[in-house]
$ cat my_file-v9.pdb   # PDB, C-alpha atoms
ATOM      1  CA  MET Y  16       8.215  28.698 -40.239  1.00  0.00           C
ATOM      2  CA  SER Y  17       6.910  32.202 -39.500  1.00  0.00           C
ATOM      3  CA  ALA Y  18       3.321  30.896 -39.666  1.00  0.00           C
ATOM      4  CA  VAL Y  19       4.158  28.175 -37.131  1.00  0.00           C
ATOM      5  CA  LEU Y  20       5.751  30.719 -34.802  1.00  0.00           C
ATOM      6  CA  ALA Y  21       2.701  32.967 -35.163  1.00  0.00           C
ATOM      7  CA  VAL Y  22       0.376  30.091 -34.243  1.00  0.00           C
ATOM      8  CA  ILE Y  23       2.542  29.204 -31.235  1.00  0.00           C
ATOM      9  CA  ALA Y  24       2.526  32.842 -30.116  1.00  0.00           C
ATOM     10  CA  VAL Y  25      -1.263  33.086 -30.425  1.00  0.00           C
ATOM     11  CA  VAL Y  26      -1.851  29.821 -28.556  1.00  0.00           C
ATOM     12  CA  SER Y  27       0.598  30.847 -25.828  1.00  0.00           C
ATOM     13  CA  GLY Y  28      -1.096  34.220 -25.488  1.00  0.00           C
ATOM     14  CA  LEU Y  29      -4.533  32.616 -25.182  1.00  0.00           C
ATOM     15  CA  LEU Y  30      -3.213  30.162 -22.607  1.00  0.00           C
ATOM     16  CA  VAL Y  31      -1.705  32.956 -20.519  1.00  0.00           C
ATOM     17  CA  LEU Y  32      -4.955  34.921 -20.817  1.00  0.00           C
ATOM     18  CA  LEU Y  33      -7.021  31.963 -19.630  1.00  0.00           C
ATOM     19  CA  LEU Y  34      -4.647  31.308 -16.733  1.00  0.00           C
ATOM     20  CA  ALA Y  35      -5.030  34.949 -15.693  1.00  0.00           C
ATOM     21  CA  VAL Y  36      -8.816  34.563 -15.252  1.00  0.00           C
ATOM     22  CA  PRO Y  37      -9.646  34.175 -11.527  1.00  0.00           C
ATOM     23  CA  VAL Y  38     -11.033  30.833 -10.340  1.00  0.00           C
ATOM     24  CA  GLY Y  39     -13.491  30.607  -7.463  1.00  0.00           C
ATOM     25  CA  VAL Y  40     -12.886  27.585  -5.229  1.00  0.00           C
ATOM     26  CA  ALA Y  41     -14.971  26.215  -2.375  1.00  0.00           C
ATOM     27  CA  PHE Y  42     -13.687  23.127  -0.571  1.00  0.00           C
ATOM     28  CA  ARG Y  43     -14.301  20.814   2.346  1.00  0.00           C
ATOM     29  CA  PHE Y  44     -11.839  18.137   3.486  1.00  0.00           C
ATOM     30  CA  GLN Y  45     -11.684  15.692   6.351  1.00  0.00           C
ATOM     31  CA  GLY Y  46      -9.055  13.099   7.157  1.00  0.00           C
ATOM     32  CA  ILE Y  47      -8.526  10.806  10.115  1.00  0.00           C
ATOM     33  CA  GLU Y  48      -8.023   7.175   9.111  1.00  0.00           C
ATOM     34  CA  ALA Y  49      -9.274   7.952   5.618  1.00  0.00           C
ATOM     35  CA  PHE Y  50      -9.209  11.196   3.668  1.00  0.00           C
ATOM     36  CA  LYS Y  51     -12.197  12.535   1.788  1.00  0.00           C
ATOM     37  CA  GLY Y  52     -13.563  15.836   0.588  1.00  0.00           C
ATOM     38  CA  GLN Y  53     -15.200  17.860  -2.142  1.00  0.00           C
ATOM     39  CA  ILE Y  54     -14.032  20.792  -4.245  1.00  0.00           C
ATOM     40  CA  THR Y  55     -16.375  23.111  -6.135  1.00  0.00           C
ATOM     41  CA  ILE Y  56     -14.802  25.206  -8.890  1.00  0.00           C
ATOM     42  CA  ARG Y  57     -16.291  28.231 -10.673  1.00  0.00           C
ATOM     43  CA  TRP Y  58     -14.471  29.703 -13.662  1.00  0.00           C
ATOM     44  CA  LEU Y  59     -15.068  32.306 -16.361  1.00  0.00           C
ATOM     45  CA  PHE Y  60     -17.328  34.257 -14.028  1.00  0.00           C
ATOM     46  CA  GLY Y  61     -19.609  31.304 -13.345  1.00  0.00           C
ATOM     47  CA  LEU Y  62     -19.975  30.050 -16.910  1.00  0.00           C
ATOM     48  CA  VAL Y  63     -17.991  26.943 -15.962  1.00  0.00           C
ATOM     49  CA  ARG Y  64     -18.888  25.195 -12.724  1.00  0.00           C
ATOM     50  CA  PHE Y  65     -18.182  21.656 -11.558  1.00  0.00           C
ATOM     51  CA  CYS Y  66     -17.584  19.611  -8.411  1.00  0.00           C
ATOM     52  CA  ILE Y  67     -14.785  17.156  -7.687  1.00  0.00           C
ATOM     53  CA  ASP Y  68     -15.328  14.454  -5.080  1.00  0.00           C
ATOM     54  CA  VAL Y  69     -12.171  13.296  -3.335  1.00  0.00           C
ATOM     55  CA  PRO Y  70     -12.690   9.573  -2.665  1.00  0.00           C
ATOM     56  CA  ASP Y  71     -11.867   7.828   0.594  1.00  0.00           C
ATOM     57  CA  PHE Y  72      -8.482   6.215   0.696  1.00  0.00           C
ATOM     58  CA  THR Y  73      -6.129   4.835   3.299  1.00  0.00           C
ATOM     59  CA  GLU Y  74      -2.399   4.591   3.203  1.00  0.00           C
ATOM     60  CA  ALA Y  75      -2.223   1.081   4.619  1.00  0.00           C
ATOM     61  CA  GLN Y  76      -2.793  -1.771   2.188  1.00  0.00           C
ATOM     62  CA  PRO Y  77      -4.514  -4.998   3.270  1.00  0.00           C
ATOM     63  CA  PRO Y  78      -2.129  -7.763   4.295  1.00  0.00           C
ATOM     64  CA  ARG Y  79      -1.209 -10.256   1.621  1.00  0.00           C
ATOM     65  CA  PRO Y  80      -2.359 -13.863   1.942  1.00  0.00           C
ATOM     66  CA  GLY Y  81      -0.077 -15.930   4.112  1.00  0.00           C
ATOM     67  CA  THR Y  82       1.049 -13.071   6.328  1.00  0.00           C
ATOM     68  CA  GLY Y  83      -0.203 -12.282   9.799  1.00  0.00           C
ATOM     69  CA  MET Y  84      -2.077  -9.140  10.738  1.00  0.00           C
ATOM     70  CA  GLU Y  85       0.541  -8.182  13.295  1.00  0.00           C
ATOM     71  CA  ALA Y  86       3.337  -8.456  10.728  1.00  0.00           C
ATOM     72  CA  ALA Y  87       1.380  -6.266   8.321  1.00  0.00           C
ATOM     73  CA  LYS Y  88       0.821  -3.635  11.001  1.00  0.00           C
ATOM     74  CA  LEU Y  89       4.526  -3.708  11.861  1.00  0.00           C
ATOM     75  CA  ARG Y  90       5.493  -3.122   8.224  1.00  0.00           C
ATOM     76  CA  VAL Y  91       3.109  -0.172   7.971  1.00  0.00           C
ATOM     77  CA  LYS Y  92       4.425   1.285  11.224  1.00  0.00           C
ATOM     78  CA  ARG Y  93       8.046   0.998  10.060  1.00  0.00           C
ATOM     79  CA  LYS Y  94       7.144   2.557   6.715  1.00  0.00           C
ATOM     80  CA  LYS Y  95       5.467   5.518   8.404  1.00  0.00           C
ATOM     81  CA  ARG Y  96       8.396   5.880  10.775  1.00  0.00           C
ATOM     82  CA  GLY Y  97      10.857   5.972   7.869  1.00  0.00           C
ATOM     83  CA  ARG Y  98       8.819   8.595   6.058  1.00  0.00           C
ATOM     84  CA  ALA Y  99       8.538  10.732   9.183  1.00  0.00           C
ATOM     85  CA  THR Y 100      12.321  10.573   9.638  1.00  0.00           C
ATOM     86  CA  ASN Y 101      12.875  11.723   6.060  1.00  0.00           C
ATOM     87  CA  VAL Y 102      10.386  14.565   6.451  1.00  0.00           C
ATOM     88  CA  LEU Y 103      12.108  15.733   9.628  1.00  0.00           C
ATOM     89  CA  ALA Y 104      15.483  15.588   7.882  1.00  0.00           C
ATOM     90  CA  VAL Y 105      14.086  17.845   5.145  1.00  0.00           C
ATOM     91  CA  LEU Y 106      12.411  20.300   7.513  1.00  0.00           C
ATOM     92  CA  GLN Y 107      15.568  20.650   9.594  1.00  0.00           C
ATOM     93  CA  LYS Y 108      17.356  22.240   6.630  1.00  0.00           C
ATOM     94  CA  ALA Y 109      17.245  26.014   7.070  1.00  0.00           C
ATOM     95  CA  ALA Y 110      17.429  26.722   3.339  1.00  0.00           C
ATOM     96  CA  PHE Y 111      14.413  24.542   2.612  1.00  0.00           C
ATOM     97  CA  ARG Y 112      12.446  26.080   5.492  1.00  0.00           C
ATOM     98  CA  ARG Y 113      13.073  29.559   4.100  1.00  0.00           C
ATOM     99  CA  GLN Y 114      11.985  28.405   0.654  1.00  0.00           C
ATOM    100  CA  LEU Y 115       8.871  26.752   2.094  1.00  0.00           C
ATOM    101  CA  TYR Y 116       7.877  29.836   4.087  1.00  0.00           C
ATOM    102  CA  ARG Y 117       8.378  31.947   0.977  1.00  0.00           C
ATOM    103  CA  LEU Y 118       6.126  29.616  -1.017  1.00  0.00           C
ATOM    104  CA  VAL Y 119       3.412  29.731   1.648  1.00  0.00           C
ATOM    105  CA  THR Y 120       3.625  33.536   1.755  1.00  0.00           C
ATOM    106  CA  ASP Y 121       3.379  33.771  -2.036  1.00  0.00           C
ATOM    107  CA  LEU Y 122       0.392  31.411  -2.117  1.00  0.00           C
ATOM    108  CA  VAL Y 123      -1.365  33.351   0.629  1.00  0.00           C
ATOM    109  CA  HIS Y 124      -0.879  36.591  -1.274  1.00  0.00           C
ATOM    110  CA  ALA Y 125      -2.132  34.981  -4.486  1.00  0.00           C
ATOM    111  CA  ALA Y 126      -5.278  33.615  -2.800  1.00  0.00           C
ATOM    112  CA  HIS Y 127      -8.063  36.012  -1.925  1.00  0.00           C
ATOM    113  CA  LEU Y 128      -9.561  34.321   1.119  1.00  0.00           C
ATOM    114  CA  HIS Y 129     -13.254  34.828   1.796  1.00  0.00           C
ATOM    115  CA  GLU Y 130     -13.416  32.091   4.421  1.00  0.00           C
ATOM    116  CA  LEU Y 131     -10.965  29.526   5.764  1.00  0.00           C
ATOM    117  CA  SER Y 132     -11.237  27.155   8.704  1.00  0.00           C
ATOM    118  CA  ILE Y 133      -8.538  24.553   9.431  1.00  0.00           C
ATOM    119  CA  ARG Y 134      -8.059  22.159  12.322  1.00  0.00           C
ATOM    120  CA  VAL Y 135      -5.043  19.837  12.444  1.00  0.00           C
ATOM    121  CA  ARG Y 136      -3.877  17.386  15.120  1.00  0.00           C
ATOM    122  CA  LEU Y 137      -0.563  15.704  14.412  1.00  0.00           C
ATOM    123  CA  GLY Y 138       1.947  13.515  16.163  1.00  0.00           C
ATOM    124  CA  LEU Y 139       4.869  11.280  15.192  1.00  0.00           C
ATOM    125  CA  GLY Y 140       4.594   8.810  18.067  1.00  0.00           C
ATOM    126  CA  ASP Y 141       7.758  10.097  19.740  1.00  0.00           C
ATOM    127  CA  PRO Y 142       7.702  13.218  21.948  1.00  0.00           C
ATOM    128  CA  ALA Y 143      11.152  14.366  20.791  1.00  0.00           C
ATOM    129  CA  ASP Y 144      10.337  14.017  17.077  1.00  0.00           C
ATOM    130  CA  THR Y 145       6.949  15.684  17.545  1.00  0.00           C
ATOM    131  CA  GLY Y 146       8.620  18.531  19.425  1.00  0.00           C
ATOM    132  CA  CYS Y 147      11.074  19.066  16.565  1.00  0.00           C
ATOM    133  CA  LEU Y 148       8.248  19.010  14.042  1.00  0.00           C
ATOM    134  CA  TRP Y 149       6.192  21.454  16.093  1.00  0.00           C
ATOM    135  CA  ALA Y 150       9.150  23.856  16.327  1.00  0.00           C
ATOM    136  CA  LEU Y 151       9.193  23.932  12.522  1.00  0.00           C
ATOM    137  CA  VAL Y 152       5.428  24.055  12.008  1.00  0.00           C
ATOM    138  CA  GLY Y 153       4.958  26.746  14.645  1.00  0.00           C
ATOM    139  CA  PRO Y 154       5.923  29.704  12.403  1.00  0.00           C
ATOM    140  CA  LEU Y 155       3.452  28.546   9.743  1.00  0.00           C
ATOM    141  CA  ASN Y 156       0.765  28.288  12.390  1.00  0.00           C
ATOM    142  CA  ALA Y 157       1.579  31.824  13.576  1.00  0.00           C
ATOM    143  CA  LEU Y 158       1.388  33.108   9.991  1.00  0.00           C
ATOM    144  CA  ALA Y 159      -2.017  31.511   9.522  1.00  0.00           C
ATOM    145  CA  GLN Y 160      -3.305  33.073  12.740  1.00  0.00           C
ATOM    146  CA  SER Y 161      -2.540  36.556  11.386  1.00  0.00           C
ATOM    147  CA  LEU Y 162      -4.655  36.131   8.232  1.00  0.00           C
ATOM    148  CA  ARG Y 163      -8.042  37.736   7.837  1.00  0.00           C
ATOM    149  CA  ASN Y 164     -11.205  35.643   7.494  1.00  0.00           C
ATOM    150  CA  THR Y 165      -9.405  32.583   8.841  1.00  0.00           C
ATOM    151  CA  GLU Y 166      -9.689  30.265  11.834  1.00  0.00           C
ATOM    152  CA  VAL Y 167      -6.705  27.943  12.170  1.00  0.00           C
ATOM    153  CA  ARG Y 168      -5.947  25.544  15.029  1.00  0.00           C
ATOM    154  CA  VAL Y 169      -2.943  23.207  14.926  1.00  0.00           C
ATOM    155  CA  GLU Y 170      -2.514  20.890  17.911  1.00  0.00           C
ATOM    156  CA  PRO Y 171       0.494  18.634  18.600  1.00  0.00           C
ATOM    157  CA  GLU Y 172      -0.010  15.088  19.894  1.00  0.00           C
ATOM    158  CA  PHE Y 173       3.149  13.951  21.675  1.00  0.00           C
ATOM    159  CA  MET Y 174       2.248  10.384  22.616  1.00  0.00           C
ATOM    160  CA  ASP Y 175       0.584   8.822  19.560  1.00  0.00           C
ATOM    161  CA  THR Y 176       1.166   8.697  15.813  1.00  0.00           C
ATOM    162  CA  VAL Y 177      -1.778  10.637  14.457  1.00  0.00           C
ATOM    163  CA  PHE Y 178      -2.794  12.985  11.674  1.00  0.00           C
ATOM    164  CA  GLU Y 179      -6.303  14.409  11.826  1.00  0.00           C
ATOM    165  CA  PHE Y 180      -7.292  17.135   9.395  1.00  0.00           C
ATOM    166  CA  GLU Y 181     -10.455  19.145   8.849  1.00  0.00           C
ATOM    167  CA  ALA Y 182     -10.770  22.151   6.570  1.00  0.00           C
ATOM    168  CA  HIS Y 183     -13.331  24.136   4.650  1.00  0.00           C
ATOM    169  CA  GLY Y 184     -13.259  27.504   2.949  1.00  0.00           C
ATOM    170  CA  ARG Y 185     -13.880  29.742  -0.047  1.00  0.00           C
ATOM    171  CA  LEU Y 186     -11.227  31.606  -2.002  1.00  0.00           C
ATOM    172  CA  LEU Y 187     -10.434  33.237  -5.323  1.00  0.00           C
ATOM    173  CA  LEU Y 188      -7.299  32.095  -7.145  1.00  0.00           C
ATOM    174  CA  VAL Y 189      -5.361  33.343 -10.143  1.00  0.00           C
ATOM    175  CA  PRO Y 190      -3.833  30.203 -11.744  1.00  0.00           C
ATOM    176  CA  LEU Y 191      -1.010  32.149 -13.394  1.00  0.00           C
ATOM    177  CA  GLN Y 192       0.273  33.414 -10.047  1.00  0.00           C
ATOM    178  CA  LEU Y 193       0.040  29.973  -8.464  1.00  0.00           C
ATOM    179  CA  LEU Y 194       1.863  28.362 -11.379  1.00  0.00           C
ATOM    180  CA  ALA Y 195       4.697  30.879 -11.221  1.00  0.00           C
ATOM    181  CA  SER Y 196       5.132  30.378  -7.455  1.00  0.00           C
ATOM    182  CA  ALA Y 197       5.020  26.569  -7.763  1.00  0.00           C
ATOM    183  CA  ILE Y 198       7.596  26.490 -10.572  1.00  0.00           C
ATOM    184  CA  ALA Y 199       9.960  28.799  -8.676  1.00  0.00           C
ATOM    185  CA  PHE Y 200       9.660  26.586  -5.581  1.00  0.00           C
ATOM    186  CA  ALA Y 201      10.074  23.284  -7.431  1.00  0.00           C
ATOM    187  CA  LEU Y 202      13.155  24.431  -9.369  1.00  0.00           C
ATOM    188  CA  SER Y 203      14.959  25.946  -6.379  1.00  0.00           C
ATOM    189  CA  LEU Y 204      18.069  24.147  -5.140  1.00  0.00           C
ATOM    190  CA  PRO Y 205      16.685  23.596  -1.597  1.00  0.00           C
ATOM    191  CA  SER Y 206      13.600  21.891  -3.063  1.00  0.00           C
ATOM    192  CA  ILE Y 207      15.699  19.670  -5.323  1.00  0.00           C
ATOM    193  CA  HIS Y 208      17.878  18.635  -2.372  1.00  0.00           C
ATOM    194  CA  ALA Y 209      14.751  18.002  -0.280  1.00  0.00           C
ATOM    195  CA  TRP Y 210      13.308  15.746  -2.979  1.00  0.00           C
ATOM    196  CA  ARG Y 211      16.504  13.714  -3.031  1.00  0.00           C
ATOM    197  CA  THR Y 212      16.352  13.349   0.749  1.00  0.00           C
ATOM    198  CA  LEU Y 213      12.732  12.182   0.631  1.00  0.00           C
ATOM    199  CA  ARG Y 214      13.756   9.641  -1.981  1.00  0.00           C
ATOM    200  CA  GLY Y 215      16.299   8.254   0.465  1.00  0.00           C
ATOM    201  CA  ARG Y 216      19.324  10.051  -0.939  1.00  0.00           C
ATOM    202  CA  HIS Y 217      21.382  12.529   1.001  1.00  0.00           C
ATOM    203  CA  ALA Y 218      21.883  15.788  -0.880  1.00  0.00           C
TER     204      ALA Y 218
END
$ encode --input "my_file-v9.pdb" --output "structure tokens"
Amino acid sequence: MSAVLAVIAVVSGLLVLLLAVPVGVAFRFQGIEAFKGQITIRWLFGLVRFCIDVPDFTEAQPPRPGTGMEAAKLRVKRKKRGRATNVLAVLQKAAFRRQLYRLVTDLVHAAHLHELSIRVRLGLGDPADTGCLWALVGPLNALAQSLRNTEVRVEPEFMDTVFEFEAHGRLLLVPLQLLASAIAFALSLPSIHAWRTLRGRHA
């Protein structure tokens, strides 16, 4: 039993040590109707280097045989509308907003930004809903504007349902710090309640 515990301790120590090694990340993303991008990762001081291509994909599925195009578009529109309503319900919870801002702050501190450029244009198709969303996104946008080596522009679109996203940058990450922040966020009560709301259940 002691030998097994010793092996577990050694493996755990090696895992923690590897997770503490910084990872260099360069990325480029673009999304309008489809989302695509590329991530380049450098680890162990350049000994490990590889690229990940993010393939094009769209949320809407092609209409099934026997159904009209207009009916398919209507189903997709209703689905998006339902998701947007759930997201707004989550973001309107003060406890979850505080937890989300804390996560973003922790991630920003854990990432050593060398370059970051982000442009986002978003709208929910309803001016009132978009206004509510913008009131919640605004503080995050203000936080991003205060960062060094960054250029961030988030624009609301009040008339149409739209999500356009462009980003590229270079940063240095410590996986152990990111993992700790993500676990703390995921296991918090506001996050658990938010997940239930997104699943269609009221916390």
$ residues_around --input "my_file-v9.pdb" --residues "region 33-49 of chain Y" --least-positions-apart "6" --cutoff "6 Å" --atoms "only C-alpha atoms" --output "list in words"
Thr55, Ile56, Arg57, Trp58, Asp71, Phe72, Thr73, Glu179, Phe180, Glu181, Ala182, His183, Gly184, Arg185, Leu186, Leu187, Leu188, Val189, Pro190 and Leu191 of chain Y
$ write_last_selection --input "my_file-v9.pdb" --atoms "C-alpha atoms" --output "PDB file, in the frame of the given file"
ATOM      1  CA  THR Y  55     -16.375  23.111  -6.135  1.00  0.00           C
ATOM      2  CA  ILE Y  56     -14.802  25.206  -8.890  1.00  0.00           C
ATOM      3  CA  ARG Y  57     -16.291  28.231 -10.673  1.00  0.00           C
ATOM      4  CA  TRP Y  58     -14.471  29.703 -13.662  1.00  0.00           C
ATOM      5  CA  ASP Y  71     -11.867   7.828   0.594  1.00  0.00           C
ATOM      6  CA  PHE Y  72      -8.482   6.215   0.696  1.00  0.00           C
ATOM      7  CA  THR Y  73      -6.129   4.835   3.299  1.00  0.00           C
ATOM      8  CA  GLU Y 179      -6.303  14.409  11.826  1.00  0.00           C
ATOM      9  CA  PHE Y 180      -7.292  17.135   9.395  1.00  0.00           C
ATOM     10  CA  GLU Y 181     -10.455  19.145   8.849  1.00  0.00           C
ATOM     11  CA  ALA Y 182     -10.770  22.151   6.570  1.00  0.00           C
ATOM     12  CA  HIS Y 183     -13.331  24.136   4.650  1.00  0.00           C
ATOM     13  CA  GLY Y 184     -13.259  27.504   2.949  1.00  0.00           C
ATOM     14  CA  ARG Y 185     -13.880  29.742  -0.047  1.00  0.00           C
ATOM     15  CA  LEU Y 186     -11.227  31.606  -2.002  1.00  0.00           C
ATOM     16  CA  LEU Y 187     -10.434  33.237  -5.323  1.00  0.00           C
ATOM     17  CA  LEU Y 188      -7.299  32.095  -7.145  1.00  0.00           C
ATOM     18  CA  VAL Y 189      -5.361  33.343 -10.143  1.00  0.00           C
ATOM     19  CA  PRO Y 190      -3.833  30.203 -11.744  1.00  0.00           C
ATOM     20  CA  LEU Y 191      -1.010  32.149 -13.394  1.00  0.00           C
TER      21      LEU Y 191
END
$ resolve_selection --input "my_file-v9.pdb" --expression "the PyMOL selection byres ((chain Y and resi 165-171) around 7)" --output "list of chain:residue names"
Y:Glu130, Y:Leu131, Y:Ser132, Y:Ile133, Y:Arg134, Y:Val135, Y:Arg136, Y:Leu137, Y:Gly138, Y:Trp149, Y:Asn156, Y:Ala159, Y:Gln160, Y:Leu162, Y:Arg163, Y:Asn164, Y:Glu172, Y:Phe173
$ resolve_selection --input "my_file-v9.pdb" --expression "the PyMOL selection byres ((chain Y and resi 106-111) around 10)" --output "MDAnalysis selection string"
chainID Y and resid 100:105 112:117 147:148 150:152 200 203:209
$ atom_distance --input "my_file-v9.pdb" --atom1 "CA of Ala195 (chain Y)" --atom2 "CA of Val31 (chain Y)"
11.5 Å
$ closest_residue --input "my_file-v9.pdb" --among "Y:Met174, Y:Ala197, Y:Ala143, Y:Leu62" --to "Asp121 (chain Y)" --atoms "all atoms listed in the file"
Y:Ala197
$ atom_distance --input "my_file-v9.pdb" --atom1 "CA of Cys66 (chain Y)" --atom2 "CA of Leu193 (chain Y)"
20.4 Å
$ atom_distance --input "my_file-v9.pdb" --atom1 "CA of Ile67 (chain Y)" --atom2 "CA of Gln53 (chain Y)"
5.6 Å
$ closest_residue --input "my_file-v9.pdb" --among "Y:Ser196, Y:Pro70, Y:His129, Y:Ile23" --to "Phe50 (chain Y)" --atoms "all atoms listed in the file"
Y:Pro70
